[in-house]
Structure formats: C-alpha cells, structure tokens
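Peer 1: So I've got this file, data.cif, and it contains mmCIF, C-alpha atoms:
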data_run
#
loop_
_atom_site.group_PDB
_atom_site.id
_atom_site.type_symbol
_atom_site.label_atom_id
_atom_site.label_comp_id
_atom_site.auth_asym_id
_atom_site.auth_seq_id
_atom_site.Cartn_x
_atom_site.Cartn_y
_atom_site.Cartn_z
ATOM 1 C CA MET E 1 0.000 0.000 0.000
ATOM 2 C CA PRO E 2 1.534 3.350 -1.025
ATOM 3 C CA HIS E 3 2.340 5.878 1.669
ATOM 4 C CA PRO E 4 1.772 9.543 0.835
ATOM 5 C CA ALA E 5 4.376 12.139 1.668
ATOM 6 C CA PRO E 6 3.580 14.158 4.788
ATOM 7 C CA ALA E 7 1.224 16.946 3.794
ATOM 8 C CA HIS E 8 2.899 19.483 6.076
ATOM 9 C CA LYS E 9 6.243 19.167 4.272
ATOM 10 C CA SER E 10 4.855 19.832 0.787
ATOM 11 C CA PHE E 11 2.779 22.724 2.125
ATOM 12 C CA ALA E 12 5.810 24.252 3.824
ATOM 13 C CA ASP E 13 7.901 23.944 0.665
ATOM 14 C CA ARG E 14 5.181 25.510 -1.449
ATOM 15 C CA ASN E 15 4.480 28.299 1.021
ATOM 16 C CA GLY E 16 8.201 29.022 1.264
ATOM 17 C CA LEU E 17 8.437 29.430 -2.499
ATOM 18 C CA TYR E 18 5.415 31.736 -2.566
ATOM 19 C CA GLN E 19 7.025 33.847 0.146
ATOM 20 C CA GLU E 20 10.397 33.877 -1.591
ATOM 21 C CA ILE E 21 8.890 35.188 -4.828
ATOM 22 C CA THR E 22 6.615 37.670 -3.083
ATOM 23 C CA GLY E 23 9.443 38.931 -0.911
ATOM 24 C CA LYS E 24 11.537 39.743 -3.970
ATOM 25 C CA ILE E 25 8.695 41.641 -5.645
ATOM 26 C CA ILE E 26 7.972 43.561 -2.432
ATOM 27 C CA ALA E 27 11.647 44.505 -2.115
ATOM 28 C CA GLU E 28 11.619 45.878 -5.656
ATOM 29 C CA LEU E 29 8.444 47.895 -5.081
ATOM 30 C CA GLU E 30 9.767 49.276 -1.806
ATOM 31 C CA GLN E 31 12.763 50.623 -3.730
ATOM 32 C CA GLY E 32 10.425 52.284 -6.205
ATOM 33 C CA ARG E 33 11.246 49.781 -8.950
ATOM 34 C CA VAL E 34 8.275 48.154 -10.650
ATOM 35 C CA PRO E 35 9.295 44.653 -11.831
ATOM 36 C CA TRP E 36 6.974 44.657 -14.852
ATOM 37 C CA VAL E 37 8.458 47.966 -16.053
ATOM 38 C CA GLN E 38 12.192 47.366 -16.255
ATOM 39 C CA PRO E 39 14.679 50.121 -17.206
ATOM 40 C CA TRP E 40 15.117 48.700 -20.680
ATOM 41 C CA GLY E 41 17.204 51.628 -21.846
ATOM 42 C CA ASN E 42 19.929 50.616 -19.387
ATOM 43 C CA VAL E 43 20.289 46.949 -20.350
ATOM 44 C CA PRO E 44 21.592 45.429 -23.583
ATOM 45 C CA ALA E 45 18.759 42.888 -23.993
ATOM 46 C CA PRO E 46 16.071 43.759 -26.524
ATOM 47 C CA LEU E 47 12.603 44.395 -25.211
ATOM 48 C CA GLY E 48 10.359 41.353 -25.390
ATOM 49 C CA VAL E 49 8.790 38.448 -23.552
ATOM 50 C CA PRO E 50 11.336 35.839 -22.366
ATOM 51 C CA ARG E 51 11.315 32.567 -24.294
ATOM 52 C CA ASN E 52 12.655 29.076 -23.990
ATOM 53 C CA ALA E 53 15.556 28.915 -26.429
ATOM 54 C CA THR E 54 14.955 25.295 -27.442
ATOM 55 C CA THR E 55 11.163 25.210 -27.765
ATOM 56 C CA GLY E 56 10.586 28.843 -28.738
ATOM 57 C CA ARG E 57 7.672 29.025 -26.301
ATOM 58 C CA ALA E 58 7.173 32.201 -24.310
ATOM 59 C CA TYR E 59 7.252 32.059 -20.532
ATOM 60 C CA SER E 60 4.164 33.375 -18.805
ATOM 61 C CA GLY E 61 2.802 34.611 -15.514
ATOM 62 C CA ILE E 62 5.204 35.266 -12.668
ATOM 63 C CA ASN E 63 8.082 33.788 -14.669
ATOM 64 C CA ILE E 64 8.021 36.830 -16.957
ATOM 65 C CA LEU E 65 8.710 39.076 -13.982
ATOM 66 C CA ILE E 66 11.365 36.748 -12.549
ATOM 67 C CA LEU E 67 13.265 36.568 -15.844
ATOM 68 C CA TRP E 68 12.900 40.271 -16.624
ATOM 69 C CA CYS E 69 14.385 41.043 -13.207
ATOM 70 C CA ALA E 70 17.291 38.678 -13.914
ATOM 71 C CA VAL E 71 17.976 40.328 -17.283
ATOM 72 C CA ALA E 72 17.973 43.790 -15.713
ATOM 73 C CA GLU E 73 20.069 42.827 -12.685
ATOM 74 C CA ARG E 74 22.678 40.778 -14.528
ATOM 75 C CA GLY E 75 22.904 42.631 -17.828
ATOM 76 C CA PHE E 76 22.101 39.726 -20.134
ATOM 77 C CA THR E 77 21.978 40.561 -23.833
ATOM 78 C CA GLY E 78 18.974 38.413 -24.747
ATOM 79 C CA GLN E 79 15.643 37.032 -23.580
ATOM 80 C CA ASN E 80 16.370 33.359 -24.372
ATOM 81 C CA TRP E 81 16.579 30.781 -21.575
ATOM 82 C CA LEU E 82 17.073 27.030 -21.248
ATOM 83 C CA THR E 83 17.705 24.394 -18.629
ATOM 84 C CA PHE E 84 21.029 22.654 -18.036
ATOM 85 C CA ARG E 85 19.718 19.471 -19.673
ATOM 86 C CA GLN E 86 18.264 21.318 -22.643
ATOM 87 C CA ALA E 87 21.677 22.849 -23.299
ATOM 88 C CA LEU E 88 23.335 19.419 -23.269
ATOM 89 C CA LYS E 89 20.643 17.974 -25.512
ATOM 90 C CA ILE E 90 21.497 20.403 -28.311
ATOM 91 C CA GLY E 91 25.245 19.941 -27.953
ATOM 92 C CA ALA E 92 25.857 23.041 -25.832
ATOM 93 C CA HIS E 93 26.701 23.464 -22.163
ATOM 94 C CA VAL E 94 26.383 25.949 -19.333
ATOM 95 C CA ARG E 95 29.704 27.593 -18.513
ATOM 96 C CA LYS E 96 31.313 26.395 -15.306
ATOM 97 C CA GLY E 97 30.544 28.600 -12.330
ATOM 98 C CA GLU E 98 27.396 30.156 -13.805
ATOM 99 C CA THR E 99 24.422 30.601 -11.469
ATOM 100 C CA GLY E 100 20.978 29.881 -12.812
ATOM 101 C CA THR E 101 17.656 31.631 -12.219
ATOM 102 C CA THR E 102 14.823 29.850 -10.414
ATOM 103 C CA ILE E 103 11.449 29.854 -12.132
ATOM 104 C CA VAL E 104 8.313 27.964 -11.184
ATOM 105 C CA TYR E 105 5.777 25.566 -12.629
ATOM 106 C CA ALA E 106 2.347 25.227 -11.060
ATOM 107 C CA ASP E 107 0.049 22.239 -11.218
ATOM 108 C CA ARG E 108 -2.323 20.204 -9.066
ATOM 109 C CA PHE E 109 -2.247 16.717 -7.606
ATOM 110 C CA ILE E 110 -4.671 14.568 -5.644
ATOM 111 C CA PRO E 111 -3.094 13.043 -2.509
ATOM 112 C CA TYR E 112 -3.625 9.350 -1.822
ATOM 113 C CA ARG E 113 -5.641 10.060 1.332
ATOM 114 C CA GLU E 114 -7.927 12.419 -0.589
ATOM 115 C CA ARG E 115 -8.521 9.817 -3.310
ATOM 116 C CA THR E 116 -9.376 7.275 -0.621
ATOM 117 C CA ARG E 117 -11.721 9.667 1.170
ATOM 118 C CA ALA E 118 -13.496 10.605 -2.077
ATOM 119 C CA ALA E 119 -13.915 6.935 -3.040
ATOM 120 C CA GLU E 120 -15.431 6.141 0.359
ATOM 121 C CA THR E 121 -17.829 9.083 0.395
ATOM 122 C CA GLY E 122 -18.612 9.297 -3.314
ATOM 123 C CA ASP E 123 -17.396 12.907 -3.448
ATOM 124 C CA GLU E 124 -15.191 14.440 -6.079
ATOM 125 C CA PRO E 125 -11.551 14.348 -4.940
ATOM 126 C CA GLU E 126 -10.088 17.762 -4.161
ATOM 127 C CA ALA E 127 -6.838 18.600 -5.901
ATOM 128 C CA ILE E 128 -4.081 20.484 -4.102
ATOM 129 C CA PRO E 129 -2.070 23.150 -5.969
ATOM 130 C CA PHE E 130 1.693 22.955 -5.887
ATOM 131 C CA LEU E 131 4.666 24.871 -7.199
ATOM 132 C CA LYS E 132 7.783 23.197 -8.546
ATOM 133 C CA ARG E 133 11.130 24.921 -8.957
ATOM 134 C CA PHE E 134 13.137 24.860 -12.163
ATOM 135 C CA THR E 135 16.535 26.398 -12.806
ATOM 136 C CA VAL E 136 17.130 28.049 -16.162
ATOM 137 C CA PHE E 137 20.141 29.790 -17.652
ATOM 138 C CA ASN E 138 20.263 32.701 -20.029
ATOM 139 C CA ALA E 139 21.779 31.952 -23.427
ATOM 140 C CA ASP E 140 24.600 34.333 -22.459
ATOM 141 C CA GLN E 141 25.637 31.797 -19.803
ATOM 142 C CA CYS E 142 26.033 28.970 -22.308
ATOM 143 C CA GLU E 143 28.698 27.945 -24.803
ATOM 144 C CA ASP E 144 28.546 26.104 -28.127
ATOM 145 C CA LEU E 145 24.932 27.059 -28.757
ATOM 146 C CA PRO E 146 23.817 26.613 -32.387
ATOM 147 C CA ALA E 147 24.195 29.904 -34.217
ATOM 148 C CA ASP E 148 20.573 29.890 -35.359
ATOM 149 C CA LEU E 149 19.080 28.972 -31.996
ATOM 150 C CA ALA E 150 16.127 31.250 -31.259
ATOM 151 C CA PRO E 151 17.703 34.539 -32.368
ATOM 152 C CA PRO E 152 16.469 37.559 -30.420
ATOM 153 C CA PRO E 153 13.530 39.334 -32.057
ATOM 154 C CA THR E 154 14.316 42.457 -34.014
ATOM 155 C CA PRO E 155 12.325 45.392 -32.640
ATOM 156 C CA PRO E 156 10.150 47.073 -35.264
ATOM 157 C CA ALA E 157 11.246 50.415 -36.609
ATOM 158 C CA GLU E 158 10.007 53.352 -34.547
ATOM 159 C CA ASN E 159 7.584 54.475 -37.215
ATOM 160 C CA LEU E 160 5.920 51.035 -37.218
ATOM 161 C CA ILE E 161 5.173 50.902 -33.499
ATOM 162 C CA LEU E 162 2.151 53.200 -33.471
ATOM 163 C CA PRO E 163 0.427 51.535 -36.458
ATOM 164 C CA GLN E 164 1.060 48.124 -34.889
ATOM 165 C CA ALA E 165 -0.505 49.249 -31.614
ATOM 166 C CA GLU E 166 -3.348 50.993 -33.414
ATOM 167 C CA ALA E 167 -4.114 47.887 -35.455
ATOM 168 C CA LEU E 168 -4.297 45.665 -32.373
ATOM 169 C CA ILE E 169 -6.585 48.080 -30.530
ATOM 170 C CA PHE E 170 -8.919 48.315 -33.524
ATOM 171 C CA ALA E 171 -8.930 44.548 -34.063
ATOM 172 C CA THR E 172 -10.238 43.845 -30.551
ATOM 173 C CA GLY E 173 -13.574 45.401 -31.468
ATOM 174 C CA ALA E 174 -13.794 46.935 -27.988
ATOM 175 C CA ASP E 175 -16.164 49.869 -27.517
ATOM 176 C CA ILE E 176 -13.624 52.659 -26.983
ATOM 177 C CA ARG E 177 -15.010 56.159 -26.507
ATOM 178 C CA ILE E 178 -12.698 59.136 -26.889
ATOM 179 C CA GLY E 179 -13.146 62.140 -24.628
ATOM 180 C CA GLY E 180 -12.963 63.506 -21.118
ATOM 181 C CA ASN E 181 -9.979 63.879 -18.814
ATOM 182 C CA HIS E 182 -9.748 60.369 -17.379
ATOM 183 C CA ALA E 183 -9.281 56.849 -18.691
ATOM 184 C CA PHE E 184 -11.500 54.122 -17.246
ATOM 185 C CA TYR E 185 -13.455 50.976 -18.045
ATOM 186 C CA VAL E 186 -17.155 50.546 -17.190
ATOM 187 C CA PRO E 187 -17.895 46.824 -16.692
ATOM 188 C CA GLY E 188 -21.686 47.208 -16.557
ATOM 189 C CA ALA E 189 -21.855 48.922 -19.950
ATOM 190 C CA ASP E 190 -18.710 47.196 -21.265
ATOM 191 C CA TYR E 191 -16.995 50.244 -22.707
ATOM 192 C CA ILE E 192 -13.661 52.043 -22.333
ATOM 193 C CA GLN E 193 -13.355 55.816 -22.071
ATOM 194 C CA VAL E 194 -9.991 57.410 -22.785
ATOM 195 C CA PRO E 195 -8.888 61.022 -23.417
ATOM 196 C CA PRO E 196 -7.926 61.913 -26.993
ATOM 197 C CA PRO E 197 -4.335 61.294 -28.122
ATOM 198 C CA SER E 198 -3.705 65.041 -28.108
ATOM 199 C CA ALA E 199 -4.166 65.039 -24.312
ATOM 200 C CA PHE E 200 -1.027 62.928 -23.825
ATOM 201 C CA PHE E 201 2.503 64.317 -23.809
ATOM 202 C CA GLU E 202 3.612 61.481 -26.088
ATOM 203 C CA PRO E 203 1.304 59.704 -28.581
ATOM 204 C CA ILE E 204 2.533 56.287 -27.443
ATOM 205 C CA ASN E 205 1.133 56.991 -23.963
ATOM 206 C CA PHE E 206 -2.349 56.972 -25.476
ATOM 207 C CA HIS E 207 -1.757 53.404 -26.643
ATOM 208 C CA ARG E 208 -0.199 52.337 -23.337
ATOM 209 C CA THR E 209 -3.267 53.681 -21.548
ATOM 210 C CA VAL E 210 -5.663 51.876 -23.870
ATOM 211 C CA PHE E 211 -3.805 48.598 -23.338
ATOM 212 C CA HIS E 212 -4.210 49.050 -19.583
ATOM 213 C CA GLU E 213 -7.951 49.589 -19.968
ATOM 214 C CA LEU E 214 -8.182 46.648 -22.368
ATOM 215 C CA GLY E 215 -6.655 44.622 -19.531
ATOM 216 C CA HIS E 216 -9.815 45.414 -17.540
ATOM 217 C CA TRP E 217 -12.021 44.876 -20.614
ATOM 218 C CA VAL E 218 -10.730 41.331 -21.046
ATOM 219 C CA GLY E 219 -11.864 40.580 -17.485
ATOM 220 C CA HIS E 220 -15.533 41.111 -18.374
ATOM 221 C CA GLU E 221 -17.847 38.195 -17.574
ATOM 222 C CA SER E 222 -18.273 37.488 -21.298
ATOM 223 C CA ARG E 223 -14.502 37.063 -21.724
ATOM 224 C CA LEU E 224 -12.189 35.877 -18.930
ATOM 225 C CA ASN E 225 -14.758 36.502 -16.182
ATOM 226 C CA ARG E 226 -12.609 38.102 -13.482
ATOM 227 C CA ASP E 227 -14.055 39.812 -10.432
ATOM 228 C CA LEU E 228 -14.424 43.476 -11.431
ATOM 229 C CA SER E 229 -16.747 44.425 -8.578
ATOM 230 C CA GLY E 230 -14.153 46.038 -6.307
ATOM 231 C CA THR E 231 -14.655 49.645 -5.299
ATOM 232 C CA PHE E 232 -11.893 52.252 -5.187
ATOM 233 C CA GLY E 233 -9.669 51.769 -2.150
ATOM 234 C CA SER E 234 -10.596 48.109 -1.604
ATOM 235 C CA ALA E 235 -8.162 45.203 -1.775
ATOM 236 C CA SER E 236 -10.044 43.642 -4.705
ATOM 237 C CA TYR E 237 -9.798 46.949 -6.613
ATOM 238 C CA ALA E 238 -6.033 47.061 -5.988
ATOM 239 C CA ARG E 239 -5.679 43.449 -7.168
ATOM 240 C CA GLU E 240 -7.560 44.187 -10.395
ATOM 241 C CA GLU E 241 -5.446 47.295 -11.037
ATOM 242 C CA LEU E 242 -2.359 45.156 -10.547
ATOM 243 C CA VAL E 243 -3.632 42.704 -13.174
ATOM 244 C CA ALA E 244 -4.405 45.510 -15.636
ATOM 245 C CA GLU E 245 -1.003 47.148 -15.088
ATOM 246 C CA MET E 246 0.823 43.903 -15.848
ATOM 247 C CA THR E 247 -1.461 43.098 -18.783
ATOM 248 C CA GLY E 248 -0.574 46.427 -20.354
ATOM 249 C CA ALA E 249 3.129 45.815 -19.713
ATOM 250 C CA PHE E 250 3.053 42.304 -21.227
ATOM 251 C CA VAL E 251 1.203 43.512 -24.331
ATOM 252 C CA CYS E 252 3.584 46.450 -24.747
ATOM 253 C CA ALA E 253 6.611 44.166 -24.450
ATOM 254 C CA ALA E 254 5.186 41.825 -27.079
ATOM 255 C CA LEU E 255 4.828 44.827 -29.415
ATOM 256 C CA SER E 256 8.345 46.120 -28.565
ATOM 257 C CA ILE E 257 6.887 49.145 -26.810
ATOM 258 C CA VAL E 258 8.640 50.038 -23.559
ATOM 259 C CA PRO E 259 6.097 49.568 -20.734
ATOM 260 C CA THR E 260 5.440 52.285 -18.198
ATOM 261 C CA VAL E 261 3.561 52.473 -14.905
ATOM 262 C CA ARG E 262 0.185 54.084 -15.394
ATOM 263 C CA HIS E 263 -0.820 54.081 -11.744
ATOM 264 C CA ALA E 264 2.315 54.767 -9.723
ATOM 265 C CA ASP E 265 0.071 56.124 -6.952
ATOM 266 C CA TYR E 266 -1.188 52.569 -6.366
ATOM 267 C CA LEU E 267 2.198 51.315 -5.191
ATOM 268 C CA GLY E 268 1.128 51.542 -1.541
ATOM 269 C CA SER E 269 -2.052 49.552 -2.068
ATOM 270 C CA TRP E 270 -0.198 46.912 -4.110
ATOM 271 C CA LEU E 271 2.355 46.511 -1.341
ATOM 272 C CA GLU E 272 -0.437 46.103 1.197
ATOM 273 C CA VAL E 273 -2.081 43.372 -0.883
ATOM 274 C CA LEU E 274 1.211 41.526 -1.373
ATOM 275 C CA ARG E 275 2.129 41.693 2.313
ATOM 276 C CA GLU E 276 -1.234 40.247 3.321
ATOM 277 C CA ASP E 277 -1.250 37.427 0.746
ATOM 278 C CA ASN E 278 1.972 35.840 -0.473
ATOM 279 C CA ARG E 279 0.142 34.293 -3.438
ATOM 280 C CA ALA E 280 -1.358 37.558 -4.705
ATOM 281 C CA ILE E 281 1.471 38.467 -7.092
ATOM 282 C CA ILE E 282 1.497 34.983 -8.611
ATOM 283 C CA ARG E 283 -2.257 35.052 -9.133
ATOM 284 C CA ALA E 284 -2.119 38.553 -10.607
ATOM 285 C CA ALA E 285 0.755 37.745 -12.959
ATOM 286 C CA SER E 286 -0.990 34.609 -14.186
ATOM 287 C CA ALA E 287 -4.254 36.486 -14.772
ATOM 288 C CA ALA E 288 -2.352 39.241 -16.600
ATOM 289 C CA SER E 289 -0.569 36.723 -18.790
ATOM 290 C CA LYS E 290 -3.887 35.149 -19.774
ATOM 291 C CA ALA E 291 -5.333 38.589 -20.506
ATOM 292 C CA ALA E 292 -2.331 39.581 -22.633
ATOM 293 C CA ASP E 293 -2.546 36.312 -24.570
ATOM 294 C CA TYR E 294 -6.248 36.986 -25.190
ATOM 295 C CA LEU E 295 -5.496 40.426 -26.619
ATOM 296 C CA LEU E 296 -2.460 39.418 -28.668
ATOM 297 C CA VAL E 297 -4.470 36.824 -30.584
ATOM 298 C CA PHE E 298 -6.069 39.790 -32.353
ATOM 299 C CA ARG E 299 -2.757 40.667 -33.993
ATOM 300 C CA SER E 300 -2.745 40.319 -37.747
ATOM 301 C CA GLY E 301 -1.288 36.950 -38.689
ATOM 302 C CA ASP E 302 -2.023 35.172 -35.403
ATOM 303 C CA ALA E 303 -3.897 31.925 -35.883
ATOM 304 C CA GLY E 304 -7.385 31.596 -34.509
ATOM 305 C CA THR E 305 -9.605 33.949 -32.575
ATOM 306 C CA PRO E 306 -10.118 34.276 -28.835
ATOM 307 C CA ASP E 307 -13.306 32.234 -29.004
ATOM 308 C CA SER E 308 -11.518 29.405 -30.830
ATOM 309 C CA ARG E 309 -8.977 28.735 -28.104
ATOM 310 C CA GLY E 310 -11.342 26.705 -25.960
ATOM 311 C CA ASP E 311 -10.079 25.772 -22.541
ATOM 312 C CA ALA E 312 -7.250 28.276 -22.706
ATOM 313 C CA LEU E 313 -9.799 31.032 -22.149
ATOM 314 C CA GLN E 314 -11.989 29.410 -19.548
ATOM 315 C CA PRO E 315 -11.773 30.780 -16.003
ATOM 316 C CA SER E 316 -9.518 28.544 -13.965
ATOM 317 C CA SER E 317 -7.388 28.585 -10.858
ATOM 318 C CA PRO E 318 -5.323 31.786 -11.292
ATOM 319 C CA GLU E 319 -2.156 30.240 -9.915
ATOM 320 C CA PHE E 320 -1.467 28.092 -12.961
ATOM 321 C CA SER E 321 0.004 28.426 -16.467
ATOM 322 C CA LEU E 322 3.226 29.833 -15.122
ATOM 323 C CA SER E 323 5.991 28.561 -17.355
ATOM 324 C CA ALA E 324 7.030 27.527 -20.825
ATOM 325 C CA ALA E 325 7.949 23.923 -21.444
#
Show how you would write the structure in this file as structure tokens.
Peer 2:
Amino acid sequence: MPHPAPAHKSFADRNGLYQEITGKIIAELEQGRVPWVQPWGNVPAPLGVPRNATTGRAYSGINILILWCAVAERGFTGQNWLTFRQALKIGAHVRKGETGTTIVYADRFIPYRERTRAAETGDEPEAIPFLKRFTVFNADQCEDLPADLAPPPTPPAENLILPQAEALIFATGADIRIGGNHAFYVPGADYIQVPPPSAFFEPINFHRTVFHELGHWVGHESRLNRDLSGTFGSASYAREELVAEMTGAFVCAALSIVPTVRHADYLGSWLEVLREDNRAIIRAASAASKAADYLLVFRSGDAGTPDSRGDALQPSSPEFSLSAA
C-alpha cells in the first residue's frame, strides 16, 4: 500500500516558495522599482517576452517578472533561456561557475488520502495546488549554442510601433469612446473611455493607456470573467489594477513598446495586498498573462480567434500556467 508524503512538508515547501517570490517583488516595489516595467534603456537585452531557447515558447505569468528582473540585474543581452539538460541535448553546455535563475511551474495533484476519502464518500476528490522549482540559464551563460538557436527578435522600426498598436486596438472590437480627462473601463456597460491622443505628452502613452484599460475589458464576464466588482480603495480593486497594469506591460513588451507604470500612486495599495497574501502576485501575474494572450491573438497573422482557443480562455485557478515547457 503506497504511503503519501507528509502533507505538512509539501505545504511548507510551497508556502516558502510563494514567500520567496513575493518577498523579492515587495523589495523591488519598496525601492520604487516596478518589476513589470524594467529600465530597458539601461540593459543590452532587446525588449520582449522571455522565451525558452529550445522550444521557442514564451514564458508566462510570474516567470516573466522573474526573468525580466534577472535580465535587468545581470545585464544579459537576450531574452532566451534554457535548462542545463536542454543545453546538453542540443550539444551546448552551461559555462562552469554560472548561477541559474529559479522559475516555477504550477500544477495540481490529488493526494492518496484524498482519493481514498473521495472513493469512500462518493465525493469528487479535491486537488491540491503545488509549485515546482526549475533552474534556467540565459543563453549568455552557455557555450557552443547553435548559431541559429532562437535569435532575439528584431524590434520594429520606430515608425511602425504606433500603427502596430493601433491595429491591435482596432482589431479587438472593444467599444472605446474618446473624450474627457480620465481613462476608465465601465464593466456594466462594457466600454472604455480614454482622453484623446492630443491630451497625452507622447502619442505612445495613449496606446499604453488603452492597453491598460483593455486589460480590464478582457476581465468582463463574457470574456475571462474576473471579479471586477471592487470599489476604489478596496483590496479587490487594488488586485484588479495590478492585473491591468501587468497586462498592459506584457502587451507592450510583445509589441516592442517600452512599458510604463500608469498608476504609480497605487504602489502603496499593491504593497499592502502583497504583504497580506503571499500568493497575490502569482495570481495577478498569471491572470495578466492570460489577458495579454487573449489580446495578442487579435494581432494580424495570429492563428485563430479568442473564441476558438477553448479551454485556454476558460476561467480557472489563477495560480497556474506559469511557465514555458
């Protein structure tokens, strides 16, 4: 008869990892640095979403923030990552003495005792979420990599950025109303209001602002069905603003537009949420990644439509979909 591992040990390991990640994000925010808006002008790496160098798949959720922080802190020249074994598999190797970066993968499992209980009572077994650590290395830390292995994306020319952003915004079909002095989203009426481009010091800030509001728009009950009921000053409102901020940053990065913080005055409320719940940043990053993926499907040339992606768009536990394979 199999013997399950002690539940307290796995819980402690998982909780420790949540706290480790949250502690790092809190430390950055306390220093006035927003992890989803890195100082890209001061690092050699091109702007973009980090990818696995061997599979080409983009990392998602909290792993985007972890890897962006590593690029900024350590001055890597690219956004490509791989594990020690993946490097060996393609005939390369990690240089001796290099230190990797820890990312996470989230999933669920059903303990033996829970399966037994459910079988005896006829209930559905309850799955327990868990986080697993993985160590990855930037391509800069490896030698003998194939020359054509996942080359870094070439940022579009400056004069192509605005049309690219404009095309994505138009393609969403969102009800966007121009006017007034404030940008906001109204869930009940499902529309976005945003000041005219002329009201912004730089035209690109109009697009950054719209992407933030589209982050809220995606959360509507007819789309990703997030809780948008929070009132100003509440913890749920701060959590939703955190999701929208990161959604805008992820979309901007995918379009090679440098992200900025739209609501710097919310730093205090974000810190309060993170200090009270060490899973909040992971949930928010995962929700933002799903929202950004939803929006980026509208880009010209992307296969499928949001409605065609099935389970990928269904509301699910917000702690999952955290890493690229």
Peer 1: Nearest to Tyr191 (chain E): which of E:Ala174, E:Ala253, E:Ala87, E:Ala72 is it, counting only C-alpha atoms?
Peer 2: E:Ala174
Peer 1: Could you tell me how far CA of Gln19 (chain E) lies from CA of Asp265 (chain E), in Å and to one decimal?
Peer 2: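 Between CA of Gln19 (chain E) and CA of Asp265 (chain E) the gap works out to 24.4 Å.
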Peer 1: Could you list, as a PyMOL selection string, every residue matched by the PyMOL selection byres ((chain E and resi 277-287) around 9) in this structure?
Peer 2: chain E and resi 15+18-23+25+60-65+224+226+239-240+242-244+246-247+272-276+288-292+317-322
Peer 1: Return as a list in words the set of residues that the PyMOL selection byres ((chain E and resi 136-150) around 8) yields on the displayed structure.
Peer 2: Ala53, Thr54, Gly56, Phe76, Thr77, Gly78, Gln79, Asn80, Trp81, Leu82, Thr83, Phe84, Ala87, Ile90, Gly91, Ala92, His93, Val94, Arg95, Glu98, Thr99, Gly100, Thr101, Thr102, Ile103, Phe134, Thr135, Pro151 and Pro152 of chain E
Peer 1: Of the candidates E:Ala189, E:Ala199, E:Leu67, E:Leu17, which one gets nearest to Phe130 (chain E) if we count only C-alpha atoms?
Peer 2: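 Selected residue with least distance to Phe130 (chain E): E:Leu17.
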Peer 1: Counting all atoms listed in the file, which residues of region 156-259 of chain E fall within 9 Å of region 27-40 of chain E, and what is the closest atom pair for each with its distance in Å at one decimal, ordered by chain and rising number, as JSON lines?
Peer 2:
{"residue": "E:Glu245", "atom": "CA", "partner": "E:Trp36", "partner_atom": "CA", "distance": 8.4}
{"residue": "E:Met246", "atom": "CA", "partner": "E:Trp36", "partner_atom": "CA", "distance": 6.3}
{"residue": "E:Ala249", "atom": "CA", "partner": "E:Trp36", "partner_atom": "CA", "distance": 6.3}
{"residue": "E:Phe250", "atom": "CA", "partner": "E:Trp36", "partner_atom": "CA", "distance": 7.8}
{"residue": "E:Val258", "atom": "CA", "partner": "E:Trp40", "partner_atom": "CA", "distance": 7.2}
{"residue": "E:Pro259", "atom": "CA", "partner": "E:Val37", "partner_atom": "CA", "distance": 5.5}
Peer 1: Kindly save the residues from that selection, with C-alpha atoms included, as a PDB file, in the coordinates of the input.
Peer 2:
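What ended up in selection-v2.pdb:
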ATOM      1  CA  GLU E 245      -1.003  47.148 -15.088  1.00  0.00           C
ATOM      2  CA  MET E 246       0.823  43.903 -15.848  1.00  0.00           C
ATOM      3  CA  ALA E 249       3.129  45.815 -19.713  1.00  0.00           C
ATOM      4  CA  PHE E 250       3.053  42.304 -21.227  1.00  0.00           C
ATOM      5  CA  VAL E 258       8.640  50.038 -23.559  1.00  0.00           C
ATOM      6  CA  PRO E 259       6.097  49.568 -20.734  1.00  0.00           C
TER       7      PRO E 259
END
Peer 1: Please identify all polymer residues within 12 Å of Pro203 (chain E), counting only C-alpha atoms, omitting same-chain residues fewer than 3 positions from it, and present them as a PyMOL selection string.
Peer 2: chain E and resi 159+161-163+165-166+195-200+206-210
Peer 1: Enter the distance from CA of Val194 (chain E) to CA of Pro46 (chain E), in Å, rounded to one decimal.
Peer 2: 29.7 Å
Peer 1: Between CA of Pro111 (chain E) and CA of Leu131 (chain E), measure the distance and give it in Å to one decimal.
Peer 2: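 Taking CA of Pro111 (chain E) and CA of Leu131 (chain E), their separation equals 14.9 Å.
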